[in-house]
Amino acid sequence: MKEANELIEHLKKHRYLSHYRVSEKRKGSFKPFPTSLPENLKNGLRKLGIEKLYSHQYHSYIEIEKGNNVVITTPTASGKTLCYNLPVLKAIQDNPSLRCFYFFPTKALSRDQAKSVIELAKDSNIELKCEVYDGDTPSDTRKTIREMAQITITNPDMLHQAILPHHPMWKKLLENLKFIVIDEIHIYTGVFGSHFANVLRRLKRICNFYGSKPQFICCSATIANPVEHAQTLTEEKFSLIDGNGAPLARKHFFFINPPIVNREMGIRKSYLDITVLIGKEFISKDIPTITFARTRLAVEVITKYLKDRVTPPKKHKISAYRGGYLPKLRREIEKKMKNRELSFIVSTNALEVGIDIGELQGCIIAGYPGTISSTLQQAGRAGRKRDDSIAVFIGSNLPVDQFILSNPDYLFTSSPEHARINPDNPDILFNHLTCAIYELPFKQGEKFGKKEVSKLLEKMEEVELVNKFGNKWHWISDNYPAATFSLRSVTNDNFVVIDTDDKRNKVIAEVDFISAHTTIYPQAIYMVQGQLYQVESLDYKNRKAFVKKTNAEYFTDAIDHTSVNILNVEETINGAFWKFNHGEIHVSTTVTGYKKIKFYTNENIGFGTISLPDIEMHTTAFWITVSDRIRKQLDISKSDFTETLSGLLYSFKNVASIFLMCDTRDLGTSNQVDDTRAELEYSLFVYDAYPGGIGLSPQIFNLKKEIFEGVNNMVKNCKCSHGCPSCIGIREESISNIKSNVIAIAKVFS
């Protein structure tokens with residue numbers, strides 16, 4: 001604790017400190033064990049050092065015992081696991097034939113939670129058959145799991161592709177299914193959440209066929225609409241348990257703003273460099289720490305810089321962790337962190353959920369994660385015991401980061417974000433309806449969830465996927481529908497990265513289809529644990545990237561271009577020289593080239609070209625169509641006007657994300673010029689960055705006035721002279737009046 005106190009005092013005097021606050025230690029709120037809890041379970045808890053329950057654990061147990069669906073929303077490290085393990089184990093002891101599904105979003109979390117419930121059952125002398133069923137489960141044990149496991153721990157993907165399509169093999173489980181536990185429901189947003197809601201519709205439909213009606217237990221980090229989200233996800237009614245009874249250790253929260261290195265341009269020192277400098281201080285004090293970065297590239301760059309600057313043996317205690325690493329490597333990192341072989345880990349939000357990686361005392365957040373909920377979840381990964389913990393937020397140049405640094409109370413006093421899904425997205429709904437009919441014939445008049453689907457069934461018949469016999473629709477296609485699409489992305493086609501220096505052509509990583517276009521193109525620098533590899537060739541058809549180790553002094557950053565076609569206009573409002581619209585669009589993204597960025601100096605030292613197929617998506621958008629007359633009225637030159645609209649779009653997207661309380665990465669942008677008309681027209685698009693859309697665009701349309709007022713205030717109050725990354729983005733140095741132009745147009749639109 002001495003080292004932590006020394007670091008806290010040092011950070012209080014840090015020259016880049018913009019804000020500091022302390023959340024004081026809070027005592028827990030405890031309840032005695034419920035009277036209906038069996039004595040052996042009480043003894044099992046005592047063996048784990050638990051003499052009383054936190055109040056939310058007690059109330060969860062009581063509510064679940066009543067037979068109600070519950071959603072539990074308390075901060076990270078508040079003991080939500082016991083909220084469902086206790087009533088489930090009691091029910092299994094009372095009736096060993098009943099069955100349960102536990103759903104976790106990641107394999108690592110599944111295995112972590114399996115250990116927890118097995119340990120409690122063992123300490124309580126309960127004979128429990130609990131198994132993990134996922135892609136890593138050996139094929140020779142799967143039959144035993146289907147027939148014997150009382151708790152089957154799995155994930156939405158396995159339910160979608162491996163369980164529901166083969167439900168007769170799962171008959172014993174489905175007939176006796178009592179509980180469905182869904183942990184981390186705040187993860188199920190956007191496309192992933194919309195898919196999972198439909199998978200649950202399919203599961204409930206099959207349960208009904210087998211005569212079971214399971215009870216739902218959902219857990220979440222703090223979100224604004226836990227009951228609404230749980231009900232939308234499952235289409236069931238829920239009771240809310242939200243009073244956190246767990247004690248809280250004192251947390252020191254530091255806000256660090258990198259210094260301005262170019263006042264004219266408003267450019268700040270790289271937040272990654274500051275992250276490395278502060279990370280070195282945590283490492284020197286041997287404080288177990290996790291650093292979160294927004295992107296996989298940022299994770300690798302931070303890891304490389306730290307390993308370059310720290311000498312053994314501390315160098316060997318640093319590790320990166322991110323999606324794309326092979327499962328074996330991820331398990332090794334988790335084990336080493338838990339065993340204290342590692343003391344500093346750099347991760348994407350892959351470790352934001354509650355995987356047990358040991359006791360952490362420090363957390364560094366490199367760049368705003370995108371939401372209040374994620375920020376507090378990440379900061380909560382440190383300080384799970386009684387000792388003081390340290391959280392450091394390091395802001396980037398991005399407007400949202402600078403907004404947080406200027407308004408730190410936003411993090412602590414604002415309501416957290418709403419979790420949003422759209423289960424009735426036409427594309428998603430259609431895919432899952434095909435799966436549902438494959439699994440069981442569809443009766444005439446039967447709804448899918450609460451959705452009337454007769455028109456979709458007729459469409460399926462037209463393309464010869466189904467046929468109607470009597471009053472039922474039957475699947476007649478040879479296709480296996482669940483195998484044709486992924487719950488998490490546009491396609492299942494991951495690329496594998498192969499190290500050709502290894503005689504066995506060893507696979508060292510995998511990359512999802514979308515990310516492949518910007519990370520493993522020929523001549524790209526690809527990093528694993530800070531080690532650099534250069535992509536020698538890309539076999540796009542067979543989804544393979546061949547790489548070799550390199551000592552390059554740079555990393556690569558892809559350049560892409562997005563074009564938009566309007567498919568359907570839902571609503572339009574006409575102004576004097578402009579129109580506000582929202583509707584459906586087709587987005588096509590072309591990756592055109594890449595930059596070589598020198599390590600440490602961030603200098604651009606070269607370019608290269610990329611030739612890959614386009615990425616296409618159908619989604620929803622808000623857009624502004626602007627007549628050239630407004631440019632003439634404001635007396636702006638054509639070249640300046642193009643830059644002005646780019647700056648306006650940049651700031652609009654960032655302010656919109658604050659109003660919508662969503663991640664900026666949930667929104668895409670594009671600006672286009674129509675020169676086919678007698679008078680030029682400019683279109684600025686802000687679209688949902690998910691196939692089919694998730695409902696953000698209509699909200700932007702309804703909030704457009706307030707958002708433009710926010711743009712006006714943000715740009716006007718920015719301390720830069722002519723525009724900077726904190727307000728209107730990177731601008732041409734030769735143009736000095738873009739900032740005032742953006743303010744003028746935002747004022748007109750508001």
# chains A, B, ... in the order shown; residues from 1 in each chain; ligands from 1
$ residues_around --residues "Gly370 (chain A)" --least-positions-apart "6" --cutoff "7 Å" --atoms "only C-alpha atoms" --output "VMD selection string"
chain A and resid 662 to 664
$ write_last_selection --atoms "N, CA and C atoms" --output "short mmCIF file (atom, residue, chain, number, x, y, z; two decimals), in the first residue's frame"
data_model
loop_
_atom_site.label_atom_id
_atom_site.label_comp_id
_atom_site.auth_asym_id
_atom_site.auth_seq_id
_atom_site.Cartn_x
_atom_site.Cartn_y
_atom_site.Cartn_z
N CYS A 662 -24.26 7.35 -26.86
CA CYS A 662 -23.76 6.16 -27.53
C CYS A 662 -22.28 6.36 -27.82
N ASP A 663 -21.63 5.31 -28.26
CA ASP A 663 -20.22 5.37 -28.64
C ASP A 663 -20.13 6.06 -30.00
N THR A 664 -19.11 6.91 -30.19
CA THR A 664 -18.94 7.55 -31.50
C THR A 664 -18.76 6.50 -32.60
#
$ residues_around --residues "region 581-592 of chain A" --least-positions-apart "4" --cutoff "9 Å" --atoms "only C-alpha atoms" --output "MDAnalysis selection string"
chainID A and resid 517:518 558:574 608:625 687 692:693 697:698 700:701
$ write_last_selection --atoms "C-alpha atoms" --output "short mmCIF file (atom, residue, chain, number, x, y, z; two decimals), in the first residue's frame"
data_model
loop_
_atom_site.label_atom_id
_atom_site.label_comp_id
_atom_site.auth_asym_id
_atom_site.auth_seq_id
_atom_site.Cartn_x
_atom_site.Cartn_y
_atom_site.Cartn_z
CA HIS A 517 -9.56 -4.93 -44.87
CA THR A 518 -7.76 -2.41 -42.66
CA ALA A 558 -5.31 2.16 -43.58
CA ILE A 559 -7.09 4.92 -45.52
CA ASP A 560 -10.68 4.30 -46.58
CA HIS A 561 -13.38 6.12 -48.50
CA THR A 562 -17.12 5.73 -47.98
CA SER A 563 -19.83 6.41 -50.55
CA VAL A 564 -23.57 6.41 -49.93
CA ASN A 565 -26.66 5.75 -52.06
CA ILE A 566 -30.08 6.76 -50.76
CA LEU A 567 -32.59 3.88 -50.93
CA ASN A 568 -35.63 5.31 -49.19
CA VAL A 569 -36.55 8.62 -47.52
CA GLU A 570 -38.72 8.11 -44.42
CA GLU A 571 -39.18 11.77 -43.46
CA THR A 572 -38.06 15.17 -44.70
CA ILE A 573 -38.16 18.71 -43.29
CA ASN A 574 -37.49 21.55 -45.74
CA GLY A 608 1.07 2.45 -50.19
CA THR A 609 -1.95 1.33 -52.18
CA ILE A 610 -4.49 -1.36 -51.29
CA SER A 611 -6.69 -3.28 -53.71
CA LEU A 612 -9.41 -5.22 -51.91
CA PRO A 613 -13.16 -5.75 -52.51
CA ASP A 614 -15.51 -3.11 -51.09
CA ILE A 615 -17.38 -3.59 -47.80
CA GLU A 616 -21.12 -3.02 -48.32
CA MET A 617 -23.94 -2.44 -45.86
CA HIS A 618 -27.63 -1.51 -45.85
CA THR A 619 -28.47 0.73 -42.89
CA THR A 620 -30.39 3.82 -41.75
CA ALA A 621 -29.17 7.42 -41.73
CA PHE A 622 -29.87 11.05 -40.94
CA TRP A 623 -28.63 13.44 -43.59
CA ILE A 624 -28.67 17.10 -44.53
CA THR A 625 -28.97 18.18 -48.14
CA TYR A 687 -25.59 6.72 -40.25
CA GLY A 692 -30.08 -2.60 -40.82
CA GLY A 693 -29.61 0.19 -38.25
CA SER A 697 -30.80 7.87 -36.96
CA PRO A 698 -34.45 8.67 -36.15
CA ILE A 700 -30.77 12.26 -34.44
CA PHE A 701 -33.55 13.52 -36.72
#
$ residues_around --residues "region 428-439 of chain A" --least-positions-apart "6" --cutoff "10 Å" --atoms "only C-alpha atoms" --output "mmCIF file with C-alpha atoms, in the first residue's frame"
data_model
loop_
_atom_site.group_PDB
_atom_site.id
_atom_site.type_symbol
_atom_site.label_atom_id
_atom_site.label_comp_id
_atom_site.auth_asym_id
_atom_site.auth_seq_id
_atom_site.Cartn_x
_atom_site.Cartn_y
_atom_site.Cartn_z
ATOM 1 C CA HIS A 160 -27.724 -20.340 -32.385
ATOM 2 C CA GLN A 161 -25.655 -22.750 -34.474
ATOM 3 C CA LEU A 164 -31.298 -25.084 -31.408
ATOM 4 C CA PRO A 165 -30.920 -26.615 -34.900
ATOM 5 C CA HIS A 166 -30.340 -29.998 -33.200
ATOM 6 C CA HIS A 167 -32.881 -29.617 -30.414
ATOM 7 C CA PRO A 168 -34.085 -33.289 -30.475
ATOM 8 C CA VAL A 191 -26.529 -6.009 -33.956
ATOM 9 C CA SER A 194 -30.725 -7.799 -31.821
ATOM 10 C CA HIS A 195 -29.551 -11.212 -33.016
ATOM 11 C CA PHE A 196 -29.535 -12.665 -29.501
ATOM 12 C CA ALA A 197 -33.110 -11.481 -28.847
ATOM 13 C CA ASN A 198 -34.197 -13.515 -31.873
ATOM 14 C CA VAL A 199 -32.173 -16.538 -30.745
ATOM 15 C CA ARG A 201 -37.345 -16.191 -29.355
ATOM 16 C CA ARG A 202 -36.311 -19.448 -31.021
ATOM 17 C CA LEU A 203 -35.305 -20.994 -27.684
ATOM 18 C CA ARG A 205 -40.546 -21.442 -28.989
ATOM 19 C CA ILE A 206 -38.748 -24.787 -28.680
ATOM 20 C CA ASN A 422 -33.896 -3.731 -32.641
ATOM 21 C CA PHE A 448 -42.441 -14.927 -33.941
ATOM 22 C CA LYS A 451 -44.105 -10.001 -34.519
ATOM 23 C CA VAL A 453 -44.640 -12.630 -39.927
ATOM 24 C CA LEU A 456 -42.179 -12.827 -44.559
ATOM 25 C CA LEU A 457 -43.422 -16.410 -44.849
ATOM 26 C CA LYS A 459 -41.674 -14.091 -49.333
ATOM 27 C CA MET A 460 -39.846 -17.268 -48.255
ATOM 28 C CA LEU A 465 -37.267 -21.831 -48.875
ATOM 29 C CA VAL A 466 -40.574 -22.998 -47.359
ATOM 30 C CA LYS A 472 -48.147 -25.271 -41.357
ATOM 31 C CA TRP A 473 -45.119 -23.850 -43.137
ATOM 32 C CA HIS A 474 -42.261 -26.331 -43.563
ATOM 33 C CA TRP A 475 -38.604 -25.798 -44.442
ATOM 34 C CA ILE A 476 -37.834 -27.355 -47.836
ATOM 35 C CA SER A 477 -34.464 -25.874 -48.771
ATOM 36 C CA ASN A 479 -29.536 -25.069 -46.763
ATOM 37 C CA TYR A 480 -28.756 -25.171 -43.044
ATOM 38 C CA PRO A 481 -29.815 -21.579 -42.222
ATOM 39 C CA ALA A 482 -28.049 -21.127 -38.864
ATOM 40 C CA ALA A 483 -24.701 -21.831 -40.544
ATOM 41 C CA THR A 484 -25.133 -19.016 -43.054
ATOM 42 C CA PHE A 485 -24.785 -16.020 -40.731
ATOM 43 C CA LEU A 487 -24.551 -13.158 -34.561
ATOM 44 C CA PRO A 691 -26.389 -3.453 -40.863
ATOM 45 C CA GLY A 692 -30.081 -2.600 -40.821
#
$ closest_residue --among "A:Leu660, A:Leu177, A:Ile357, A:Ile333" --to "His418 (chain A)" --atoms "only C-alpha atoms"
A:Leu660
$ select_by_dssp --residues "region 198-380 of chain A" --states "helix (DSSP H, G or I)" --output "ChimeraX atom specification"
/A:198-210,226-234,271-284,296-309,314-317,327-338,349-351,372-379
$ residues_around --residues "Tyr554 (chain A)" --least-positions-apart "2" --cutoff "6 Å" --atoms "only C-alpha atoms" --output "ChimeraX atom specification"
/A:552,596-599
$ write_last_selection --atoms "N, CA and C atoms" --output "mmCIF file, in the first residue's frame"
data_model
loop_
_atom_site.group_PDB
_atom_site.id
_atom_site.type_symbol
_atom_site.label_atom_id
_atom_site.label_comp_id
_atom_site.auth_asym_id
_atom_site.auth_seq_id
_atom_site.Cartn_x
_atom_site.Cartn_y
_atom_site.Cartn_z
ATOM 1 N N ALA A 552 10.647 -3.366 -38.546
ATOM 2 C CA ALA A 552 10.263 -2.071 -39.101
ATOM 3 C C ALA A 552 10.194 -1.009 -38.010
ATOM 4 N N LYS A 596 2.399 4.938 -43.583
ATOM 5 C CA LYS A 596 3.420 4.388 -42.696
ATOM 6 C C LYS A 596 3.691 5.429 -41.619
ATOM 7 N N ILE A 597 3.413 5.073 -40.368
ATOM 8 C CA ILE A 597 3.557 6.003 -39.246
ATOM 9 C C ILE A 597 4.741 5.561 -38.392
ATOM 10 N N LYS A 598 5.723 6.437 -38.239
ATOM 11 C CA LYS A 598 6.931 6.094 -37.501
ATOM 12 C C LYS A 598 6.636 5.996 -36.013
ATOM 13 N N PHE A 599 7.160 4.938 -35.388
ATOM 14 C CA PHE A 599 7.005 4.778 -33.948
ATOM 15 C C PHE A 599 7.637 5.971 -33.213
#
$ atom_distance --atom1 "CA of Pro156 (chain A)" --atom2 "CA of Glu334 (chain A)"
22.2 Å
$ closest_residue --among "A:Val71, A:Leu360, A:Leu45, A:Ile267" --to "Asp388 (chain A)" --atoms "only C-alpha atoms"
A:Leu360
$ atom_distance --atom1 "CA of Leu240 (chain A)" --atom2 "CA of Ile151 (chain A)"
24.0 Å
$ closest_residue --among "A:Ser627, A:Val346, A:Tyr600, A:Asp501" --to "Arg309 (chain A)" --atoms "only C-alpha atoms"
A:Tyr600
$ closest_residue --among "A:Phe685, A:Phe577, A:Tyr58, A:Tyr133" --to "Lys632 (chain A)" --atoms "only C-alpha atoms"
A:Phe577
$ residues_around --residues "Pro399 (chain A)" --least-positions-apart "5" --cutoff "7 Å" --atoms "only C-alpha atoms" --output "list of chain:residue names"
A:Asn654, A:Pro725, A:Ser726, A:Cys727
$ atom_distance --atom1 "CA of Val400 (chain A)" --atom2 "CA of Pro258 (chain A)"
14.5 Å
